[in-house]
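So this one's coords-v2.txt, compact mmCIF, C-alpha atoms:
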```txt
# COMPACT_ATOMS: atom_id res chain seq x y z
CA MET K 1 287.57 120.31 2.04
CA THR K 2 285.69 117.30 3.39
CA TYR K 3 286.35 115.57 6.70
CA ASP K 4 284.90 112.72 8.75
CA VAL K 5 285.23 114.65 12.02
CA VAL K 6 285.69 118.35 12.74
CA VAL K 7 286.55 119.16 16.35
CA ILE K 8 285.75 122.71 17.46
CA GLY K 9 287.96 123.75 20.38
CA GLY K 10 291.63 122.99 21.01
CA GLY K 11 291.57 122.67 24.81
CA PRO K 12 292.00 119.39 26.73
CA ALA K 13 288.64 117.98 25.54
CA GLY K 14 289.20 118.91 21.90
CA LEU K 15 292.76 117.59 21.87
CA ALA K 16 291.65 114.24 23.31
CA ALA K 17 288.73 114.05 20.87
CA ALA K 18 290.93 114.76 17.83
CA VAL K 19 293.51 112.16 18.86
CA SER K 20 290.85 109.56 19.62
CA ALA K 21 289.01 110.12 16.32
CA LYS K 22 292.25 109.92 14.34
CA LYS K 23 293.28 106.68 16.05
CA ALA K 24 289.86 105.30 15.12
CA GLY K 25 290.65 105.88 11.46
CA ALA K 26 288.80 109.13 10.82
CA ASP K 27 289.95 112.07 8.71
CA VAL K 28 290.06 114.82 11.36
CA LEU K 29 290.38 118.61 11.46
CA LEU K 30 290.90 120.51 14.72
CA LEU K 31 289.81 124.17 14.89
CA GLU K 32 290.94 126.61 17.61
CA ARG K 33 290.08 130.31 17.88
CA GLU K 34 293.27 131.21 19.79
CA GLY K 35 296.82 131.23 18.47
CA SER K 36 297.94 128.03 20.20
CA LEU K 37 296.46 124.80 21.49
CA GLY K 38 295.85 123.93 25.12
CA GLY K 39 292.87 126.07 26.08
CA ILE K 40 292.77 127.24 29.68
CA LEU K 41 295.63 124.87 30.56
CA LYS K 42 298.13 127.26 28.97
CA GLN K 43 297.80 129.64 31.91
CA CYS K 44 297.44 127.03 34.68
CA ILE K 45 301.06 126.91 35.79
CA HIS K 46 300.23 125.25 39.13
CA ASP K 47 300.52 121.48 39.43
CA GLY K 48 297.90 118.86 40.29
CA PHE K 49 296.89 117.90 36.75
CA GLY K 50 297.05 114.30 35.53
CA LEU K 51 297.05 112.56 38.91
CA MET K 52 294.44 110.06 37.74
CA ARG K 53 295.52 109.69 34.12
CA PHE K 54 299.31 109.85 34.31
CA LYS K 55 299.83 109.21 38.05
CA LYS K 56 301.96 112.37 38.13
CA LYS K 57 301.55 115.94 39.33
CA LEU K 58 301.77 117.96 36.13
CA SER K 59 301.25 121.64 35.46
CA GLY K 60 298.54 122.66 33.00
CA PRO K 61 300.98 123.28 30.11
CA GLU K 62 302.74 119.95 30.80
CA TYR K 63 299.43 118.08 30.71
CA ALA K 64 298.34 119.78 27.47
CA GLU K 65 301.74 119.20 25.83
CA ARG K 66 301.29 115.43 26.05
CA PHE K 67 298.20 115.63 23.85
CA ILE K 68 299.62 118.33 21.59
CA GLU K 69 302.57 116.05 20.84
CA GLU K 70 300.13 113.28 19.89
CA VAL K 71 298.30 115.66 17.56
CA LYS K 72 301.62 116.43 15.85
CA GLU K 73 302.70 112.79 15.67
CA LEU K 74 299.38 111.79 14.11
CA GLN K 75 299.68 114.73 11.67
CA ILE K 76 296.22 116.02 12.48
CA PRO K 77 295.64 119.33 10.63
CA VAL K 78 294.98 122.25 12.96
CA GLY K 79 293.39 125.60 12.16
CA LEU K 80 294.54 128.29 14.63
CA TRP K 81 293.07 131.78 14.90
CA THR K 82 289.98 130.23 13.33
CA PHE K 83 286.45 131.25 14.30
CA VAL K 84 283.42 129.17 13.31
CA THR K 85 280.71 131.61 12.25
CA LYS K 86 277.97 129.34 10.91
CA ILE K 87 277.05 125.66 10.72
CA LYS K 88 274.26 124.20 8.60
CA LYS K 89 273.09 120.59 8.45
CA ASN K 90 272.88 118.99 5.01
CA PRO K 91 272.22 115.46 3.66
CA GLU K 92 275.95 114.57 3.79
CA GLY K 93 276.52 115.95 7.27
CA PHE K 94 277.33 119.59 7.97
CA SER K 95 278.58 122.69 6.18
CA VAL K 96 280.91 124.77 8.37
CA TRP K 97 281.79 128.39 7.62
CA MET K 98 284.83 129.84 9.35
CA VAL K 99 286.99 132.94 9.42
CA SER K 100 290.77 132.76 9.73
CA ARG K 101 293.81 134.79 8.66
CA GLU K 102 293.33 133.36 5.19
CA GLY K 103 289.81 134.80 5.02
CA VAL K 104 286.37 133.21 4.92
CA SER K 105 286.13 129.55 3.93
CA GLU K 106 283.68 126.66 3.96
CA LEU K 107 284.18 122.96 4.59
CA GLN K 108 282.09 119.81 4.78
CA THR K 109 282.14 117.27 7.57
CA ARG K 110 280.17 114.16 8.40
CA THR K 111 280.29 114.81 12.15
CA LEU K 112 281.05 117.58 14.64
CA VAL K 113 282.60 117.41 18.10
CA LEU K 114 281.81 120.48 20.19
CA ALA K 115 284.65 120.99 22.68
CA THR K 116 284.08 124.71 23.20
CA GLY K 117 284.67 124.76 26.96
CA CYS K 118 283.00 127.23 29.30
CA ARG K 119 283.08 130.90 30.24
CA GLU K 120 283.13 132.72 33.57
CA ARG K 121 280.24 134.64 35.06
CA THR K 122 280.83 138.39 35.26
CA ALA K 123 280.02 141.01 37.90
CA ARG K 124 276.76 141.97 36.17
CA GLN K 125 275.63 138.35 36.11
CA VAL K 126 275.80 138.19 39.91
CA SER K 127 274.04 141.55 40.44
CA ILE K 128 276.92 143.67 41.70
CA HIS K 129 275.90 147.32 41.52
CA GLY K 130 277.98 150.43 41.00
CA THR K 131 280.19 152.01 38.37
CA ARG K 132 282.49 150.30 35.85
CA PRO K 133 286.00 151.06 37.13
CA ALA K 134 289.17 149.26 36.10
CA GLY K 135 290.31 146.57 38.52
CA ILE K 136 287.42 144.08 38.28
CA TYR K 137 288.45 140.80 36.68
CA THR K 138 287.20 137.27 36.40
CA ALA K 139 289.64 134.82 37.99
CA GLY K 140 290.59 133.42 34.59
CA THR K 141 291.40 136.88 33.23
CA ALA K 142 293.52 137.68 36.28
CA GLN K 143 295.30 134.36 35.84
CA HIS K 144 296.00 135.19 32.19
CA PHE K 145 297.47 138.59 33.09
CA THR K 146 299.64 137.18 35.89
CA ASN K 147 300.86 133.90 34.39
CA LEU K 148 301.06 134.66 30.67
CA GLN K 149 301.61 138.41 30.46
CA GLY K 150 303.58 138.91 33.66
CA GLU K 151 301.34 141.76 34.83
CA MET K 152 299.91 142.14 38.34
CA PRO K 153 296.15 142.91 38.38
CA GLY K 154 296.51 144.95 41.57
CA LYS K 155 298.00 145.26 45.04
CA ARG K 156 295.01 145.07 47.44
CA CYS K 157 292.73 142.25 46.32
CA VAL K 158 289.33 140.91 47.32
CA ILE K 159 288.29 137.52 45.94
CA LEU K 160 284.56 136.91 45.47
CA GLY K 161 283.69 133.22 45.27
CA SER K 162 285.59 130.20 46.52
CA GLY K 163 285.69 128.35 43.20
CA ASP K 164 288.93 126.57 42.38
CA ILE K 165 290.36 129.23 40.06
CA GLY K 166 289.58 131.91 42.65
CA LEU K 167 291.37 129.95 45.37
CA ILE K 168 294.37 129.33 43.14
CA MET K 169 294.53 133.02 42.22
CA ALA K 170 294.34 134.02 45.89
CA ARG K 171 297.50 132.01 46.48
CA ARG K 172 299.16 133.23 43.27
CA LEU K 173 298.59 136.90 44.07
CA LYS K 174 299.83 136.37 47.63
CA LEU K 175 303.02 134.77 46.30
CA GLU K 176 303.54 137.75 43.97
CA GLY K 177 303.35 140.19 46.87
CA ALA K 178 299.73 141.35 46.74
CA ASP K 179 297.73 141.87 49.91
CA VAL K 180 294.83 139.39 49.61
CA LEU K 181 292.25 140.77 52.03
CA GLY K 182 290.00 137.72 51.95
CA VAL K 183 287.89 135.28 49.98
CA TYR K 184 284.15 135.90 50.27
CA GLU K 185 281.63 133.15 49.53
CA VAL K 186 277.87 133.73 49.29
CA LYS K 187 277.11 130.09 50.17
CA PRO K 188 277.43 128.68 53.70
CA GLU K 189 280.19 126.31 52.55
CA PRO K 190 283.18 126.58 50.18
CA SER K 191 282.74 125.90 46.46
CA GLY K 192 286.23 124.61 45.66
CA LEU K 193 287.97 121.27 46.02
CA THR K 194 289.12 120.42 49.54
CA ARG K 195 292.77 120.18 48.45
CA ASN K 196 292.63 123.74 47.08
CA MET K 197 291.05 125.03 50.28
CA VAL K 198 293.99 123.64 52.25
CA GLN K 199 296.84 124.40 49.84
CA CYS K 200 295.68 127.86 48.75
CA LEU K 201 294.01 129.39 51.80
CA ASP K 202 295.03 127.53 54.94
CA ASP K 203 298.70 127.21 54.01
CA PHE K 204 298.93 130.95 53.23
CA GLN K 205 296.69 132.21 56.04
CA ILE K 206 294.21 133.84 53.65
CA PRO K 207 290.88 134.36 55.44
CA LEU K 208 287.64 132.83 54.12
CA TYR K 209 284.30 134.47 54.88
CA LEU K 210 281.17 132.37 54.32
CA SER K 211 277.60 133.62 53.75
CA GLU K 212 278.96 137.00 52.66
CA THR K 213 279.08 138.66 49.25
CA VAL K 214 279.99 141.83 47.38
CA THR K 215 276.95 143.98 46.70
CA ARG K 216 278.50 147.19 45.35
CA VAL K 217 281.73 148.57 43.93
CA PHE K 218 283.14 152.07 44.35
CA GLY K 219 285.41 154.12 42.14
CA GLU K 220 285.38 155.91 38.80
CA LYS K 221 288.51 155.23 36.76
CA ARG K 222 289.96 152.65 39.16
CA LEU K 223 288.31 150.49 41.79
CA GLU K 224 288.59 152.11 45.20
CA GLY K 225 286.58 149.73 47.35
CA VAL K 226 283.77 147.21 47.61
CA GLU K 227 280.72 146.84 49.81
CA ILE K 228 280.52 143.52 51.66
CA CYS K 229 277.20 142.27 53.03
CA LYS K 230 276.08 139.19 54.94
CA VAL K 231 273.37 137.05 53.34
CA ASP K 232 270.47 135.04 54.77
CA GLU K 233 269.54 131.41 54.12
CA GLN K 234 268.08 132.40 50.73
CA MET K 235 271.42 134.09 49.93
CA GLN K 236 269.78 137.54 49.96
CA PRO K 237 271.69 140.52 51.45
CA VAL K 238 270.84 141.30 55.08
CA ALA K 239 270.14 145.00 55.61
CA GLY K 240 272.37 146.70 58.15
CA THR K 241 275.34 144.34 57.70
CA GLU K 242 277.05 146.39 54.98
CA GLN K 243 280.70 147.29 55.36
CA ARG K 244 283.17 148.92 52.99
CA ILE K 245 286.57 147.44 52.28
CA ASP K 246 289.15 149.57 50.52
CA CYS K 247 290.84 147.71 47.68
CA ASP K 248 292.04 148.24 44.11
CA THR K 249 291.19 144.80 42.71
CA LEU K 250 288.14 142.54 42.76
CA ILE K 251 288.61 138.99 41.46
CA LEU K 252 285.41 137.10 40.53
CA SER K 253 285.25 133.33 40.85
CA VAL K 254 281.47 132.99 40.76
CA GLY K 255 280.82 130.04 38.50
CA LEU K 256 281.24 128.73 34.98
CA ILE K 257 278.76 128.45 32.13
CA PRO K 258 279.24 125.93 29.28
CA GLU K 259 279.86 127.67 25.93
CA ASN K 260 277.06 126.33 23.76
CA GLU K 261 276.09 129.05 21.31
CA ILE K 262 277.02 126.77 18.41
CA ALA K 263 274.98 123.91 19.90
CA GLU K 264 271.99 126.17 20.46
CA ASN K 265 272.16 127.46 16.89
CA LEU K 266 271.98 123.85 15.75
CA GLN K 267 268.92 123.46 18.03
CA VAL K 268 270.61 120.88 20.22
CA HIS K 269 268.56 120.10 23.34
CA ILE K 270 270.12 121.76 26.41
CA ASP K 271 269.81 120.33 29.92
CA PRO K 272 268.62 123.12 32.28
CA LYS K 273 270.54 121.53 35.18
CA THR K 274 273.96 121.24 33.53
CA LYS K 275 273.53 124.10 30.98
CA GLY K 276 275.12 121.72 28.47
CA PRO K 277 273.71 119.46 25.75
CA VAL K 278 271.63 116.39 26.52
CA CYS K 279 273.91 113.52 25.44
CA ASP K 280 273.67 109.75 25.23
CA SER K 281 276.27 107.19 26.29
CA SER K 282 278.22 107.76 23.06
CA ALA K 283 278.44 111.54 23.76
CA MET K 284 276.04 112.29 20.88
CA THR K 285 273.59 115.15 21.33
CA SER K 286 269.96 115.26 20.21
CA ILE K 287 271.20 116.13 16.70
CA PRO K 288 272.58 113.01 14.96
CA GLY K 289 276.25 113.51 14.09
CA VAL K 290 276.86 116.25 16.70
CA PHE K 291 278.85 115.22 19.77
CA SER K 292 279.76 117.18 22.92
CA CYS K 293 282.52 116.75 25.50
CA GLY K 294 284.47 118.43 28.27
CA ASN K 295 283.17 121.56 29.94
CA ALA K 296 280.87 122.28 27.01
CA PHE K 297 278.96 119.13 28.02
CA HIS K 298 278.97 119.88 31.76
CA VAL K 299 281.41 121.65 34.06
CA ASN K 300 284.09 119.26 35.35
CA ASP K 301 286.39 119.71 38.32
CA LEU K 302 289.24 117.50 37.04
CA VAL K 303 290.92 117.73 33.65
CA ASP K 304 291.32 113.94 33.66
CA TYR K 305 287.53 113.63 33.29
CA VAL K 306 287.55 116.27 30.54
CA SER K 307 290.03 114.21 28.52
CA GLU K 308 288.06 111.04 29.15
CA SER K 309 284.87 112.55 27.74
CA GLY K 310 286.83 113.94 24.77
CA GLU K 311 288.17 110.49 23.93
CA LEU K 312 284.66 109.03 24.04
CA ALA K 313 283.25 111.79 21.81
CA GLY K 314 286.09 111.49 19.28
CA ALA K 315 285.85 107.70 18.98
CA SER K 316 282.05 107.85 18.75
CA ALA K 317 282.17 110.55 16.06
CA ALA K 318 284.63 108.46 14.02
CA ARG K 319 282.37 105.41 14.29
CA TYR K 320 279.27 107.41 13.36
CA ALA K 321 281.06 108.92 10.34
CA LYS K 322 281.51 105.38 8.99
CA ILE K 323 278.06 103.91 9.64
CA GLN K 324 275.86 107.06 9.70
CA SER K 325 273.41 105.33 12.05
CA VAL K 326 271.76 106.65 15.20
CA GLY K 327 270.94 103.17 16.52
CA VAL K 328 267.76 102.19 18.29
CA ALA K 329 265.77 103.64 21.19
CA GLN K 330 267.56 105.13 24.19
CA ILE K 331 266.99 104.58 27.91
CA PRO K 332 266.85 107.71 30.13
CA ALA K 333 269.22 108.11 33.09
CA GLU K 334 267.66 110.05 35.97
CA ALA K 335 268.88 111.52 39.27
CA GLU K 336 266.85 111.08 42.44
CA GLY K 337 267.19 111.76 46.14
CA GLU K 338 270.23 113.89 46.94
CA ALA K 339 271.70 113.55 43.42
CA ALA K 340 271.54 116.90 41.60
CA TYR K 341 272.14 115.54 38.11
CA VAL K 342 273.64 112.61 36.26
CA VAL K 343 275.34 112.50 32.84
CA PRO K 344 275.06 111.12 30.25
CA GLN K 345 271.33 111.69 30.34
CA CYS K 346 270.48 108.52 28.41
CA VAL K 347 272.01 105.18 27.39
CA ARG K 348 271.97 103.79 23.87
CA GLN K 349 270.43 100.32 23.61
CA GLU K 350 273.66 98.93 22.12
CA ASP K 351 275.54 100.14 25.23
CA VAL K 352 273.15 98.43 27.64
CA ARG K 353 275.09 95.18 27.32
CA GLY K 354 278.33 96.66 28.58
CA LYS K 355 279.97 99.12 30.97
CA VAL K 356 278.96 102.79 30.94
CA THR K 357 280.72 105.62 32.80
CA PHE K 358 278.44 108.12 34.55
CA TYR K 359 279.22 111.34 36.43
CA PHE K 360 277.03 112.99 39.06
CA ARG K 361 276.96 115.74 41.64
CA CYS K 362 275.06 115.93 44.91
CA LYS K 363 272.67 118.70 45.96
CA ARG K 364 274.31 119.34 49.35
CA THR K 365 277.19 118.17 51.48
CA LEU K 366 276.52 114.71 52.91
CA GLY K 367 278.36 112.39 55.25
CA ARG K 368 278.49 108.67 54.62
CA SER K 369 276.24 108.11 51.61
CA GLU K 370 275.06 105.38 49.30
CA LEU K 371 274.34 105.58 45.58
CA VAL K 372 271.81 103.02 44.38
CA VAL K 373 271.59 102.44 40.63
CA LYS K 374 268.33 100.76 39.72
CA THR K 375 265.78 100.25 36.98
CA GLY K 376 262.23 99.75 38.13
CA SER K 377 262.41 97.59 41.25
CA ARG K 378 265.71 95.97 40.23
CA VAL K 379 268.96 97.19 41.80
CA ILE K 380 271.81 97.17 39.26
CA GLN K 381 274.66 98.42 41.42
CA LYS K 382 275.48 100.15 44.71
CA LYS K 383 278.38 102.34 45.77
CA THR K 384 279.19 103.83 49.17
CA PHE K 385 280.93 107.18 49.72
CA SER K 386 282.52 108.34 52.97
CA ALA K 387 281.36 111.88 52.11
CA VAL K 388 280.16 113.86 49.08
CA ARG K 389 280.23 117.59 48.35
CA PRO K 390 278.55 119.58 45.52
CA PRO K 391 281.86 121.03 44.20
CA GLU K 392 283.40 117.57 43.83
CA MET K 393 282.01 115.55 40.94
CA GLU K 394 281.74 111.80 41.43
CA ARG K 395 282.33 109.10 38.82
CA ILE K 396 280.92 105.60 38.66
CA ILE K 397 281.27 102.83 36.06
CA VAL K 398 277.99 100.92 35.88
CA ASP K 399 278.27 97.34 34.67
CA LEU K 400 275.15 96.57 32.63
CA LEU K 401 276.63 93.41 31.10
CA LYS K 402 274.87 90.96 33.44
CA THR K 403 271.66 92.96 33.70
CA GLU K 404 268.49 91.59 32.20
CA GLU K 405 266.74 93.54 29.46
CA ILE K 406 266.20 97.16 30.51
CA ARG K 407 263.02 98.91 29.49
CA GLU K 408 262.57 101.46 32.28
CA PRO K 409 264.78 104.49 33.11
CA ILE K 410 268.08 103.89 34.91
CA VAL K 411 267.74 105.77 38.21
CA PHE K 412 270.64 107.07 40.32
CA GLU K 413 269.38 107.57 43.85
CA LEU K 414 271.78 109.14 46.35
CA ARG K 415 270.96 109.07 50.04
CA GLU K 416 272.78 109.71 53.30
CA VAL K 417 273.13 106.59 55.41
CA GLY K 418 274.91 108.02 58.47
CA ALA K 419 277.93 106.64 60.30
```
Could you write out this file's structure as structure tokens?
Amino acid sequence: MTYDVVVIGGGPAGLAAAVSAKKAGADVLLLEREGSLGGILKQCIHDGFGLMRFKKKLSGPEYAERFIEEVKELQIPVGLWTFVTKIKKNPEGFSVWMVSREGVSELQTRTLVLATGCRERTARQVSIHGTRPAGIYTAGTAQHFTNLQGEMPGKRCVILGSGDIGLIMARRLKLEGADVLGVYEVKPEPSGLTRNMVQCLDDFQIPLYLSETVTRVFGEKRLEGVEICKVDEQMQPVAGTEQRIDCDTLILSVGLIPENEIAENLQVHIDPKTKGPVCDSSAMTSIPGVFSCGNAFHVNDLVDYVSESGELAGASAARYAKIQSVGVAQIPAEAEGEAAYVVPQCVRQEDVRGKVTFYFRCKRTLGRSELVVKTGSRVIQKKTFSAVRPPEMERIIVDLLKTEEIREPIVFELREVGA
């Protein structure tokens, strides 16, 4: 079995990458470790997906179905219940070993697209002490139980973290009759999108507590309560502020980590800021022929952006499979000022004479702000924002077509400019 492009991961990024690569003329295989395509979208029955791409409010399954239908129409082969266990680079590309219901098999591919998504942080990763009773779930797990299996996680719920899935689950549990005691956020400001703060908490009168966190859990077989504590400016618990809240369920929405074990095994360079691969403007990693997209590349807040990065990775992988060329030197892209990070982290020389899409996040909440894109002393482009928040990723298309030859890094400097 030999392919031009093998896409690992059948979520929104992987689906878009497979479709894009196939349309570009590549021989594609899509691998998914679960029993059906769609990734996390399968359990996201709320609407709000596709507003940018399709100009409609779709549920997660509805959004995924549009791409799944394209995969079927294009007759892209799909391997479900398939786990990739080993990848090795060779002169022709890559050898991929996988395990499925048919047993262990090996295939060859010229390129790889890593669309492996991300995972949720657990209680131990945020230093919650105590026993290991039943009733402690990540928000995604609770969503799976409620929306796909029709099972309620519990009746008296505490939500730790104001990430989007946590906010959505607070509303979902409230609608199903649970008593949601509150959402607790260790930071001094919410971590979710503004629209979710309004639609999930305000509209359902669910209280939000900032600068507070869970420090301990109680219970043996089943969770009986949690210890809540205020935190200082360094987000460390303040002694003497502890209080116990009786509950039977703790839902964790405390951050996402890109799934990059496969990338790390291939010795792909990982960006310490994004926890995803360092990629160029074609979505290629530091290993020629390996591409990354979606939440495996960096955590996105909108599925529309996930699909966009998947399409870029798929088309780029198809092109690389034909020419097997890494191109010439690359120009770094760097974040300065109040910009926390910018991706892609570098621009290929052949892309300098065109338009390149970049994404960035800010370090803290700012009012009216200006993003200045420059190289050396030359300003390439400016963009003004009425406000920016760390949870909400920003997107900018930089037009390099009319720019003179670029030799120095492209710098993205974000600064607050006031009213």
Task: Pairwise distance for atom CA of K:Gln234 and atom CA of K:Val217, rounded to one decimal in Å - done: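 Atom-to-atom, atom CA of K:Gln234 and atom CA of K:Val217 are spaced 22.2 Å apart.
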Task: Counting all atoms listed in the file, the residue of K:Glu394, K:Glu311, K:Asp203, K:Asp301 that sits nearest K:Ala24 - done: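 Among the listed residues, K:Glu311 lies closest to K:Ala24.
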- [ ] May I ask for the distance between atom CA of K:Ser100 and atom CA of K:Val78, given in Å to one decimal place?
- [x]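 One can read the atom CA of K:Ser100 to atom CA of K:Val78 distance as 11.8 Å.
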- [ ] Would you please work out which residue, of K:Glu242, K:Glu408, K:Asp232, K:Glu392, is nearest to K:Asn300 when using all atoms listed in the file?
- [x] K:Glu392
Task: Long-range neighbours of K:Val226 as a PyMOL selection string, 12 Å cut-off, only C-alpha atoms, 5 positions minimum in chain - done: chain K and resi 128-131+133+135-136+156-160+181+184+213-219+242-251
- [ ] Just the residues within 7 Å of K:Arg361, please, counting all atoms listed in the file, with nothing from its chain fewer than 3 positions along; format it as a PyMOL selection string.
- [x] chain K and resi 339-341+390+393-394
Open item on the list: List the spatial neighbours of K:Gln236 as a PyMOL selection string - criterion: any atom at most 10 Å away, all atoms listed in the file, same-chain residues fewer than 3 positions off excluded.
Closed with: chain K and resi 186+211-213+229-233+239
Open item on the list: Here's a test: counting all atoms listed in the file, identify every protein, DNA and RNA residue with an atom at most 7 Å from (279.7, 115.2, 5.4) in the file's coordinate frame, and state them as a PyMOL selection string.
Closed with: chain K and resi 2-4+92-94+108-111
Task: Neighbour list for K:Lys72 as a ChimeraX atom specification, cut-off 12 Å, all atoms listed in the file, skip fewer than 2 positions in-chain - done: /K:15,18-19,22,30,37,65-70,74-78
For K:Leu114, please output as a PDB file with C-alpha atoms, in the frame of the given file all residues within 9 Å (counting all atoms listed in the file; exclusion window: fewer than 6 positions along the same chain).
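Saved the output as out_21.pdb:
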```
ATOM      1  CA  VAL K   6     285.690 118.350  12.740  1.00  0.00           C
ATOM      2  CA  VAL K   7     286.550 119.160  16.350  1.00  0.00           C
ATOM      3  CA  ILE K   8     285.750 122.710  17.460  1.00  0.00           C
ATOM      4  CA  GLY K   9     287.960 123.750  20.380  1.00  0.00           C
ATOM      5  CA  GLY K  14     289.200 118.910  21.900  1.00  0.00           C
ATOM      6  CA  ASN K 260     277.060 126.330  23.760  1.00  0.00           C
ATOM      7  CA  ILE K 262     277.020 126.770  18.410  1.00  0.00           C
ATOM      8  CA  ALA K 263     274.980 123.910  19.900  1.00  0.00           C
ATOM      9  CA  VAL K 290     276.860 116.250  16.700  1.00  0.00           C
ATOM     10  CA  PHE K 291     278.850 115.220  19.770  1.00  0.00           C
ATOM     11  CA  SER K 292     279.760 117.180  22.920  1.00  0.00           C
ATOM     12  CA  CYS K 293     282.520 116.750  25.500  1.00  0.00           C
ATOM     13  CA  GLY K 294     284.470 118.430  28.270  1.00  0.00           C
ATOM     14  CA  ALA K 296     280.870 122.280  27.010  1.00  0.00           C
ATOM     15  CA  PHE K 297     278.960 119.130  28.020  1.00  0.00           C
ATOM     16  CA  ALA K 313     283.250 111.790  21.810  1.00  0.00           C
TER      17      ALA K 313
END
```
Task: Å distance separating atom CA of K:Pro258 from atom CA of K:Val342, one decimal place - done: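 Spanning atom CA of K:Pro258 to atom CA of K:Val342 is a straight-line distance of 16.0 Å.
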Open item on the list: Which residue is closest to K:Glu261? Choose from K:Ser191, K:Gly163, K:Leu371, K:Val84 and count all atoms listed in the file.
Closed with: K:Val84
Can you pull stretch 279-326 of chain K out of that block with C-alpha atoms and hand it back as a JSON list (two decimals), in the first residue's frame?
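Saved to selection26.json:
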```
[["chain", "number", "residue", "atom", "x", "y", "z"],
["K", 279, "CYS", "CA", 5.40, 25.13, 10.94],
["K", 280, "ASP", "CA", 6.06, 27.27, 7.88],
["K", 281, "SER", "CA", 3.51, 29.04, 5.69],
["K", 282, "SER", "CA", 2.72, 25.78, 3.87],
["K", 283, "ALA", "CA", 1.93, 24.01, 7.20],
["K", 284, "MET", "CA", 5.09, 21.88, 6.91],
["K", 285, "THR", "CA", 6.96, 21.06, 10.11],
["K", 286, "SER", "CA", 10.73, 20.93, 10.60],
["K", 287, "ILE", "CA", 10.69, 17.44, 9.07],
["K", 288, "PRO", "CA", 10.28, 17.65, 5.26],
["K", 289, "GLY", "CA", 7.10, 15.87, 4.18],
["K", 290, "VAL", "CA", 5.38, 16.11, 7.60],
["K", 291, "PHE", "CA", 2.56, 18.64, 7.88],
["K", 292, "SER", "CA", 0.46, 19.70, 10.88],
["K", 293, "CYS", "CA", -2.96, 21.33, 11.16],
["K", 294, "GLY", "CA", -5.89, 22.04, 13.45],
["K", 295, "ASN", "CA", -5.54, 21.74, 17.20],
["K", 296, "ALA", "CA", -2.46, 19.56, 16.84],
["K", 297, "PHE", "CA", -0.73, 22.65, 15.40],
["K", 298, "HIS", "CA", -2.08, 25.08, 18.00],
["K", 299, "VAL", "CA", -5.31, 25.25, 19.98],
["K", 300, "ASN", "CA", -8.03, 27.08, 18.02],
["K", 301, "ASP", "CA", -11.24, 28.59, 19.35],
["K", 302, "LEU", "CA", -13.26, 28.29, 16.10],
["K", 303, "VAL", "CA", -13.70, 25.16, 14.00],
["K", 304, "ASP", "CA", -13.72, 27.34, 10.88],
["K", 305, "TYR", "CA", -10.02, 28.09, 11.47],
["K", 306, "VAL", "CA", -9.35, 24.39, 12.10],
["K", 307, "SER", "CA", -10.78, 23.51, 8.69],
["K", 308, "GLU", "CA", -8.86, 26.33, 7.05],
["K", 309, "SER", "CA", -5.54, 25.05, 8.38],
["K", 310, "GLY", "CA", -6.49, 21.49, 7.34],
["K", 311, "GLU", "CA", -7.13, 22.60, 3.78],
["K", 312, "LEU", "CA", -3.75, 24.34, 3.63],
["K", 313, "ALA", "CA", -1.93, 21.29, 5.03],
["K", 314, "GLY", "CA", -3.69, 18.89, 2.64],
["K", 315, "ALA", "CA", -3.01, 20.97, -0.47],
["K", 316, "SER", "CA", 0.61, 21.55, 0.57],
["K", 317, "ALA", "CA", 1.17, 17.84, 1.24],
["K", 318, "ALA", "CA", -0.24, 16.96, -2.20],
["K", 319, "ARG", "CA", 2.07, 19.50, -3.85],
["K", 320, "TYR", "CA", 5.09, 18.27, -1.91],
["K", 321, "ALA", "CA", 4.32, 14.64, -2.82],
["K", 322, "LYS", "CA", 4.68, 15.62, -6.49],
["K", 323, "ILE", "CA", 7.83, 17.76, -6.37],
["K", 324, "GLN", "CA", 9.57, 16.41, -3.22],
["K", 325, "SER", "CA", 11.21, 19.80, -2.66],
["K", 326, "VAL", "CA", 11.55, 21.81, 0.55]]
```
